[in-house]
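Data file: target24.cif. Format and content: mmCIF, C-alpha atoms.
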```cif
data_work
loop_
_atom_site.label_atom_id
_atom_site.label_comp_id
_atom_site.auth_asym_id
_atom_site.auth_seq_id
_atom_site.Cartn_x
_atom_site.Cartn_y
_atom_site.Cartn_z
CA MET M 1 -32.79 -54.26 9.27
CA GLU M 2 -36.33 -53.06 9.84
CA GLN M 3 -37.29 -49.49 9.20
CA TYR M 4 -40.14 -47.69 10.84
CA ARG M 5 -42.28 -45.12 9.19
CA CYS M 6 -44.23 -43.20 11.75
CA SER M 7 -46.99 -40.71 11.27
CA LEU M 8 -48.94 -38.79 13.85
CA ASN M 9 -52.60 -39.69 14.08
CA SER M 10 -53.93 -36.21 13.46
CA GLN M 11 -57.16 -37.23 11.74
CA GLU M 12 -58.99 -38.21 14.90
CA ALA M 13 -60.07 -34.72 15.82
CA ILE M 14 -61.15 -34.04 12.25
CA SER M 15 -63.26 -37.19 12.18
CA HIS M 16 -64.95 -36.27 15.40
CA GLY M 17 -65.62 -32.84 13.97
CA ALA M 18 -67.33 -34.37 10.94
CA ASP M 19 -69.55 -36.50 13.19
CA VAL M 20 -70.67 -33.46 15.11
CA LEU M 21 -71.41 -31.61 11.88
CA GLU M 22 -73.51 -34.50 10.60
CA VAL M 23 -75.62 -34.51 13.74
CA ASP M 24 -76.18 -30.78 13.47
CA VAL M 25 -77.29 -31.02 9.86
CA SER M 26 -79.64 -33.86 10.63
CA GLU M 27 -81.27 -32.00 13.49
CA SER M 28 -81.77 -28.87 11.45
CA ARG M 29 -83.19 -30.96 8.62
CA HIS M 30 -85.78 -32.36 10.99
CA LYS M 31 -86.68 -28.84 12.00
CA LYS M 32 -87.14 -27.95 8.34
CA TRP M 33 -89.49 -30.88 7.78
CA SER M 34 -91.66 -29.99 10.73
CA THR M 35 -91.70 -26.35 9.60
CA SER M 36 -92.66 -27.37 6.06
CA MET M 37 -95.60 -29.48 7.23
CA LYS M 38 -96.85 -26.67 9.42
CA LEU M 39 -96.82 -24.21 6.49
CA THR M 40 -98.69 -26.63 4.24
CA THR M 41 -101.56 -26.92 6.66
CA GLN M 42 -101.77 -23.22 7.57
CA LEU M 43 -101.40 -21.43 4.23
CA ASN M 44 -104.41 -19.55 2.84
CA PRO M 45 -107.16 -20.97 5.04
CA GLN M 46 -109.82 -19.03 3.03
CA HIS M 47 -109.10 -20.94 -0.23
CA TYR M 48 -110.31 -24.39 0.47
CA SER M 49 -111.35 -25.11 -3.10
CA ARG M 50 -110.96 -28.57 -4.62
CA ARG M 51 -108.27 -27.16 -6.91
CA PHE M 52 -106.31 -25.80 -3.96
CA LEU M 53 -106.57 -29.05 -2.08
CA LEU M 54 -105.34 -30.93 -5.14
CA LYS M 55 -102.44 -28.49 -5.56
CA SER M 56 -101.47 -28.50 -1.91
CA GLY M 57 -101.84 -32.26 -1.76
CA ALA M 58 -99.58 -32.63 -4.76
CA THR M 59 -97.08 -30.26 -3.20
CA ALA M 60 -97.11 -32.17 0.06
CA LEU M 61 -96.72 -35.46 -1.80
CA PHE M 62 -93.85 -34.03 -3.83
CA SER M 63 -92.05 -32.81 -0.76
CA PHE M 64 -92.30 -36.23 0.87
CA ALA M 65 -91.17 -37.92 -2.34
CA ILE M 66 -87.72 -36.35 -2.08
CA PRO M 67 -85.61 -38.09 0.51
CA PRO M 68 -83.71 -35.64 2.71
CA SER M 69 -80.38 -37.08 1.57
CA ASN M 70 -81.07 -35.98 -2.03
CA ASN M 71 -81.64 -32.37 -1.10
CA ALA M 72 -79.03 -30.32 -2.93
CA PHE M 73 -79.40 -27.44 -0.49
CA PRO M 74 -79.79 -28.97 2.94
CA ASP M 75 -80.80 -26.52 5.59
CA GLN M 76 -77.65 -25.97 7.62
CA SER M 77 -76.86 -23.73 10.49
CA LEU M 78 -74.83 -20.69 9.49
CA ALA M 79 -71.12 -21.38 9.47
CA THR M 80 -67.95 -19.84 8.15
CA ALA M 81 -66.36 -21.31 5.04
CA ASN M 82 -62.74 -20.25 5.14
CA GLY M 83 -61.20 -23.63 4.50
CA SER M 84 -59.31 -25.92 6.81
CA THR M 85 -56.90 -24.66 9.45
CA ASP M 86 -54.53 -27.47 8.44
CA PRO M 87 -51.27 -26.09 7.06
CA TYR M 88 -50.51 -26.04 3.34
CA PRO M 89 -47.99 -28.59 2.06
CA ILE M 90 -44.84 -27.51 0.23
CA PRO M 91 -46.14 -27.19 -3.37
CA TRP M 92 -43.35 -28.97 -5.26
CA LEU M 93 -43.33 -31.84 -2.75
CA ASP M 94 -47.10 -32.13 -2.80
CA LYS M 95 -46.91 -32.38 -6.60
CA ASN M 96 -45.04 -35.66 -6.15
CA GLY M 97 -47.47 -36.96 -3.55
CA SER M 98 -45.04 -36.36 -0.72
CA HIS M 99 -45.11 -33.91 2.14
CA ASN M 100 -41.48 -34.09 3.15
CA GLN M 101 -37.99 -34.56 1.86
CA PRO M 102 -34.77 -35.60 3.59
CA ALA M 103 -32.99 -32.80 5.39
CA GLY M 104 -29.91 -31.59 3.57
CA PRO M 105 -27.89 -28.58 2.47
CA ASN M 106 -29.96 -26.01 0.55
CA LEU M 107 -33.11 -28.09 0.91
CA GLU M 108 -36.13 -26.41 2.42
CA PRO M 109 -36.23 -27.34 6.10
CA SER M 110 -39.94 -26.74 6.69
CA HIS M 111 -42.60 -29.31 5.84
CA ILE M 112 -45.34 -26.70 5.60
CA TYR M 113 -45.87 -23.71 3.33
CA HIS M 114 -46.82 -20.13 4.21
CA PHE M 115 -44.86 -20.53 7.42
CA LYS M 116 -42.55 -18.40 9.50
CA GLY M 117 -40.98 -19.54 12.72
CA ARG M 118 -38.45 -21.82 14.30
CA VAL M 119 -37.46 -25.00 12.56
CA ALA M 120 -35.02 -27.84 13.19
CA ARG M 121 -34.20 -30.76 10.94
CA CYS M 122 -31.87 -33.75 10.99
CA SER M 123 -31.23 -36.85 8.91
CA THR M 124 -29.02 -39.88 8.50
CA PHE M 125 -29.18 -41.16 12.05
CA THR M 126 -26.88 -43.82 13.40
CA GLY M 127 -27.75 -45.67 16.58
CA MET M 128 -28.44 -49.00 18.19
CA GLY M 129 -31.14 -50.49 20.34
CA THR M 130 -32.38 -53.75 21.80
CA ASP M 131 -35.70 -55.50 21.21
CA ASN M 132 -37.75 -57.39 23.78
CA ARG M 133 -35.96 -60.65 22.89
CA GLY M 134 -32.55 -59.19 23.50
CA ASN M 135 -31.62 -58.78 19.84
CA ARG M 136 -29.46 -55.80 19.03
CA ILE M 137 -31.08 -53.86 16.19
CA ALA M 138 -29.61 -50.76 14.58
CA PHE M 139 -31.71 -47.78 13.57
CA GLY M 140 -31.08 -45.00 11.13
CA ALA M 141 -30.74 -44.61 7.37
CA PRO M 142 -30.30 -41.70 4.96
CA THR M 143 -34.07 -41.38 4.85
CA THR M 144 -34.42 -41.43 8.64
CA ASP M 145 -35.11 -37.76 9.07
CA TYR M 146 -36.92 -35.78 11.69
CA GLY M 147 -38.11 -32.24 11.99
CA VAL M 148 -39.98 -29.80 14.13
CA MET M 149 -41.62 -26.48 13.25
CA GLU M 150 -43.05 -23.91 15.64
CA GLY M 151 -44.52 -20.59 14.66
CA GLU M 152 -47.06 -18.87 12.49
CA TYR M 153 -48.63 -20.33 9.38
CA TRP M 154 -51.35 -19.16 7.07
CA ALA M 155 -54.51 -21.22 6.64
CA ALA M 156 -58.26 -20.64 6.59
CA ARG M 157 -57.53 -17.11 5.36
CA THR M 158 -55.82 -16.00 8.54
CA ALA M 159 -52.64 -16.45 10.54
CA GLN M 160 -52.53 -19.53 12.78
CA GLN M 161 -50.13 -20.66 15.47
CA GLY M 162 -48.91 -24.21 15.72
CA THR M 163 -46.18 -26.69 16.50
CA PHE M 164 -45.63 -29.61 14.14
CA THR M 165 -43.22 -32.49 14.03
CA HIS M 166 -42.22 -35.12 11.51
CA ILE M 167 -40.91 -38.29 13.12
CA MET K 1 -48.34 -31.80 18.49
CA PRO K 2 -48.81 -30.36 21.98
CA GLU K 3 -46.81 -27.17 22.36
CA ARG K 4 -45.29 -28.46 25.59
CA GLY K 5 -43.56 -31.22 23.59
CA LEU K 6 -40.97 -28.75 22.35
CA ALA K 7 -38.65 -26.96 24.76
CA ILE K 8 -36.31 -24.24 23.49
CA SER K 9 -33.48 -22.96 25.63
CA PRO K 10 -33.55 -19.22 26.45
CA ASN K 11 -30.74 -18.43 24.01
CA GLY K 12 -32.27 -20.62 21.31
CA SER K 13 -29.24 -22.89 21.01
CA THR K 14 -30.94 -26.11 22.15
CA PHE K 15 -34.24 -27.61 21.01
CA THR K 16 -35.58 -30.59 22.93
CA LEU K 17 -38.47 -32.49 21.38
CA GLU K 18 -40.01 -35.03 23.70
CA MET K 19 -43.26 -36.99 23.40
CA GLN K 20 -44.72 -40.05 25.11
CA ASN K 21 -46.86 -42.85 23.69
CA VAL K 22 -47.46 -41.20 20.34
CA PRO K 23 -49.85 -43.27 18.18
CA VAL K 24 -47.91 -44.25 15.06
CA VAL K 25 -47.97 -47.03 12.49
CA ASP K 26 -45.33 -49.69 12.02
CA GLN K 27 -45.00 -50.03 8.25
CA PRO K 28 -41.83 -52.03 7.55
CA ARG K 29 -42.38 -52.30 3.78
CA TRP K 30 -43.07 -48.58 3.23
CA PRO K 31 -43.09 -47.01 0.61
CA ALA K 32 -44.66 -50.03 -1.13
CA LEU K 33 -48.31 -49.18 -1.80
CA ASP K 34 -49.50 -52.50 -0.35
CA SER K 35 -47.39 -52.09 2.76
CA VAL K 36 -49.34 -53.22 5.80
CA ALA K 37 -49.56 -50.64 8.60
CA THR K 38 -49.78 -51.95 12.16
CA PRO K 39 -50.77 -49.67 15.05
CA ALA K 40 -47.85 -48.89 17.32
CA LYS K 41 -46.78 -46.29 19.83
CA MET K 42 -43.56 -44.43 20.22
CA THR K 43 -41.90 -42.53 23.03
CA PHE K 44 -38.92 -40.43 22.11
CA LYS K 45 -36.60 -37.61 23.05
CA MET K 46 -34.59 -35.70 20.48
CA VAL K 47 -32.10 -32.95 21.20
CA TRP K 48 -30.66 -30.45 18.73
CA LYS K 49 -27.66 -28.39 19.87
CA SER K 50 -26.20 -25.59 17.82
CA THR K 51 -22.56 -25.92 16.78
CA GLY K 52 -22.34 -22.16 16.22
CA ASP K 53 -21.60 -22.53 12.51
CA ARG K 54 -23.94 -20.24 10.61
CA VAL K 55 -26.12 -21.53 7.78
CA ALA K 56 -28.25 -19.51 5.37
CA TYR K 57 -30.41 -20.79 2.52
CA ASP K 58 -32.32 -18.44 0.27
CA ASP K 59 -34.25 -19.69 -2.74
CA PRO K 60 -36.36 -16.99 -4.45
CA HIS K 61 -37.68 -19.50 -6.96
CA ARG K 62 -39.08 -21.77 -4.25
CA GLN K 63 -39.82 -18.86 -1.96
CA PHE K 64 -38.04 -19.90 1.20
CA ARG K 65 -35.35 -18.43 3.40
CA PHE K 66 -33.64 -20.17 6.31
CA THR K 67 -31.12 -18.60 8.66
CA GLY K 68 -29.65 -20.56 11.51
CA PHE K 69 -26.89 -22.87 12.57
CA ARG K 70 -25.53 -26.30 11.97
CA ALA K 71 -26.32 -28.57 14.86
CA SER K 72 -25.75 -31.92 16.42
CA CYS K 73 -28.80 -34.08 16.95
CA GLN K 74 -29.26 -37.11 19.15
CA LEU K 75 -32.20 -39.37 19.72
CA GLU K 76 -33.43 -41.95 22.16
CA ALA K 77 -36.66 -43.78 21.51
CA GLN K 78 -38.85 -46.67 22.50
CA VAL K 79 -41.30 -48.37 20.16
CA GLU K 80 -44.04 -50.88 20.92
CA VAL K 81 -46.11 -52.88 18.46
CA PRO K 82 -48.60 -54.62 20.79
CA SER K 83 -50.35 -56.75 18.17
CA ILE K 84 -47.17 -58.67 17.36
CA GLY K 85 -45.67 -58.50 20.84
CA PHE K 86 -42.70 -56.49 19.68
CA SER K 87 -40.90 -53.71 21.45
CA TRP K 88 -37.58 -52.01 20.94
CA LYS K 89 -35.62 -49.52 22.97
CA SER K 90 -32.68 -47.51 21.78
CA ASP K 91 -29.44 -47.06 23.63
CA PRO K 92 -29.19 -43.82 25.64
CA LEU K 93 -29.35 -40.49 23.83
CA GLU K 94 -25.57 -39.98 23.92
CA LYS K 95 -24.98 -43.12 21.84
CA SER K 96 -26.71 -41.81 18.71
CA ARG K 97 -25.79 -39.19 16.17
CA ALA K 98 -27.09 -37.60 12.98
CA ASP K 99 -24.81 -36.79 10.05
CA PHE K 100 -26.82 -33.70 9.19
CA ALA K 101 -28.72 -31.30 11.44
CA ILE K 102 -29.69 -27.65 11.34
CA MET K 103 -31.77 -25.35 13.51
CA GLY K 104 -32.91 -21.78 13.10
CA GLU K 105 -35.68 -19.70 11.63
CA GLU K 106 -37.46 -19.92 8.31
CA ALA K 107 -39.96 -17.94 6.29
CA ASN K 108 -41.62 -19.30 3.17
CA GLY K 109 -44.60 -18.77 0.90
CA ARG K 110 -46.52 -15.61 1.73
CA TYR K 111 -44.00 -14.80 4.50
CA TYR K 112 -41.06 -14.82 2.08
CA GLU K 113 -40.12 -11.27 1.14
#
```
Translate this structure into structure tokens?
Amino acid sequence: MEQYRCSLNSQEAISHGADVLEVDVSESRHKKWSTSMKLTTQLNPQHYSRRFLLKSGATALFSFAIPPSNNAFPDQSLATANGSTDPYPIPWLDKNGSHNQPAGPNLEPSHIYHFKGRVARCSTFTGMGTDNRGNRIAFGAPTTDYGVMEGEYWAARTAQQGTFTHI
Amino acid sequence: MPERGLAISPNGSTFTLEMQNVPVVDQPRWPALDSVATPAKMTFKMVWKSTGDRVAYDDPHRQFRFTGFRASCQLEAQVEVPSIGFSWKSDPLEKSRADFAIMGEEANGRYYE
């Protein structure tokens, strides 16, 4: 009997978000470079001594010698830093590298922590189905559990609203 | 998941979870670490109905409290794994059953008081 483990593809939006962020950083970095070059050529126009030219030349050379990717403090647009709005996992399940457990008596129904709202769980399904070749294949096992959660959860330092399912 | 995927009856006694063409992975050898995951999609409908029997869990150590009801739960689903030309469709909803189901309200973590 085949078993199916299914997980929602929730990373797509996050990946797209990271792409957008990278573009923003890159653009602002370009702005910084153009600003830096402008300052180098305009500073102290009255001090055109050989020493100054040597110093400013060395400074300009030094700034070009550092690739933008090595900059420990890249110039970024101002943004909040409150953490992800993804929900927290249940701590003692997360400790074992798992984010869920089978539904059962006295076991926590929710899959997420810092949560209040409606929840429904079920496990140990029994059922039958048919594949595209006409074979009858059963589904369900003690670990075949499902759940849904709808309500408020705490993340990114504030209350969030969401609906989540585990299938 | 989209909020519209979950419908709750006015008196709260029936939850219906329904989604179409959800991107999932077919991973027959899970939880083996080298289990191959094949892209698949799943359409399903799941219905919880309260039996009226009250259930209450309260665990101060693990900081969660659940109050609700025992329930019946039934499922119908359809799965497709295009890359291997496999599909499977369950019998109608009424033909399935779950040995354990509950539904209600929970508070945990910072909301546990």
**Message:** Given the PyMOL selection byres ((chain M) within 9 of (chain K)) and the file above, list the residues it selects as a PyMOL selection string.
**Reply:** chain M and resi 2-10+90-92+103-110+112-133+137-140+142+145+148+150+153-154+162-165
Generate the output file for the selected residues, C-alpha atoms, as a PDB file, keeping the file's coordinate frame.
```
ATOM      1  CA  GLU M   2     -36.330 -53.060   9.840  1.00  0.00           C
ATOM      2  CA  GLN M   3     -37.290 -49.490   9.200  1.00  0.00           C
ATOM      3  CA  TYR M   4     -40.140 -47.690  10.840  1.00  0.00           C
ATOM      4  CA  ARG M   5     -42.280 -45.120   9.190  1.00  0.00           C
ATOM      5  CA  CYS M   6     -44.230 -43.200  11.750  1.00  0.00           C
ATOM      6  CA  SER M   7     -46.990 -40.710  11.270  1.00  0.00           C
ATOM      7  CA  LEU M   8     -48.940 -38.790  13.850  1.00  0.00           C
ATOM      8  CA  ASN M   9     -52.600 -39.690  14.080  1.00  0.00           C
ATOM      9  CA  SER M  10     -53.930 -36.210  13.460  1.00  0.00           C
ATOM     10  CA  ILE M  90     -44.840 -27.510   0.230  1.00  0.00           C
ATOM     11  CA  PRO M  91     -46.140 -27.190  -3.370  1.00  0.00           C
ATOM     12  CA  TRP M  92     -43.350 -28.970  -5.260  1.00  0.00           C
ATOM     13  CA  ALA M 103     -32.990 -32.800   5.390  1.00  0.00           C
ATOM     14  CA  GLY M 104     -29.910 -31.590   3.570  1.00  0.00           C
ATOM     15  CA  PRO M 105     -27.890 -28.580   2.470  1.00  0.00           C
ATOM     16  CA  ASN M 106     -29.960 -26.010   0.550  1.00  0.00           C
ATOM     17  CA  LEU M 107     -33.110 -28.090   0.910  1.00  0.00           C
ATOM     18  CA  GLU M 108     -36.130 -26.410   2.420  1.00  0.00           C
ATOM     19  CA  PRO M 109     -36.230 -27.340   6.100  1.00  0.00           C
ATOM     20  CA  SER M 110     -39.940 -26.740   6.690  1.00  0.00           C
ATOM     21  CA  ILE M 112     -45.340 -26.700   5.600  1.00  0.00           C
ATOM     22  CA  TYR M 113     -45.870 -23.710   3.330  1.00  0.00           C
ATOM     23  CA  HIS M 114     -46.820 -20.130   4.210  1.00  0.00           C
ATOM     24  CA  PHE M 115     -44.860 -20.530   7.420  1.00  0.00           C
ATOM     25  CA  LYS M 116     -42.550 -18.400   9.500  1.00  0.00           C
ATOM     26  CA  GLY M 117     -40.980 -19.540  12.720  1.00  0.00           C
ATOM     27  CA  ARG M 118     -38.450 -21.820  14.300  1.00  0.00           C
ATOM     28  CA  VAL M 119     -37.460 -25.000  12.560  1.00  0.00           C
ATOM     29  CA  ALA M 120     -35.020 -27.840  13.190  1.00  0.00           C
ATOM     30  CA  ARG M 121     -34.200 -30.760  10.940  1.00  0.00           C
ATOM     31  CA  CYS M 122     -31.870 -33.750  10.990  1.00  0.00           C
ATOM     32  CA  SER M 123     -31.230 -36.850   8.910  1.00  0.00           C
ATOM     33  CA  THR M 124     -29.020 -39.880   8.500  1.00  0.00           C
ATOM     34  CA  PHE M 125     -29.180 -41.160  12.050  1.00  0.00           C
ATOM     35  CA  THR M 126     -26.880 -43.820  13.400  1.00  0.00           C
ATOM     36  CA  GLY M 127     -27.750 -45.670  16.580  1.00  0.00           C
ATOM     37  CA  MET M 128     -28.440 -49.000  18.190  1.00  0.00           C
ATOM     38  CA  GLY M 129     -31.140 -50.490  20.340  1.00  0.00           C
ATOM     39  CA  THR M 130     -32.380 -53.750  21.800  1.00  0.00           C
ATOM     40  CA  ASP M 131     -35.700 -55.500  21.210  1.00  0.00           C
ATOM     41  CA  ASN M 132     -37.750 -57.390  23.780  1.00  0.00           C
ATOM     42  CA  ARG M 133     -35.960 -60.650  22.890  1.00  0.00           C
ATOM     43  CA  ILE M 137     -31.080 -53.860  16.190  1.00  0.00           C
ATOM     44  CA  ALA M 138     -29.610 -50.760  14.580  1.00  0.00           C
ATOM     45  CA  PHE M 139     -31.710 -47.780  13.570  1.00  0.00           C
ATOM     46  CA  GLY M 140     -31.080 -45.000  11.130  1.00  0.00           C
ATOM     47  CA  PRO M 142     -30.300 -41.700   4.960  1.00  0.00           C
ATOM     48  CA  ASP M 145     -35.110 -37.760   9.070  1.00  0.00           C
ATOM     49  CA  VAL M 148     -39.980 -29.800  14.130  1.00  0.00           C
ATOM     50  CA  GLU M 150     -43.050 -23.910  15.640  1.00  0.00           C
ATOM     51  CA  TYR M 153     -48.630 -20.330   9.380  1.00  0.00           C
ATOM     52  CA  TRP M 154     -51.350 -19.160   7.070  1.00  0.00           C
ATOM     53  CA  GLY M 162     -48.910 -24.210  15.720  1.00  0.00           C
ATOM     54  CA  THR M 163     -46.180 -26.690  16.500  1.00  0.00           C
ATOM     55  CA  PHE M 164     -45.630 -29.610  14.140  1.00  0.00           C
ATOM     56  CA  THR M 165     -43.220 -32.490  14.030  1.00  0.00           C
TER      57      THR M 165
END
```
**Item:** Interatomic distance (Å, one decimal) between atom CA of M:Asn100 and atom CA of M:Gly147
**Value:** 9.6 Å
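In this structure, atom CA of M:Asn82 sits 20.6 Å away from atom CA of M:Gly151.
Take atom CA of M:Arg157 and atom CA of M:Ala81: the distance between them is 9.8 Å.
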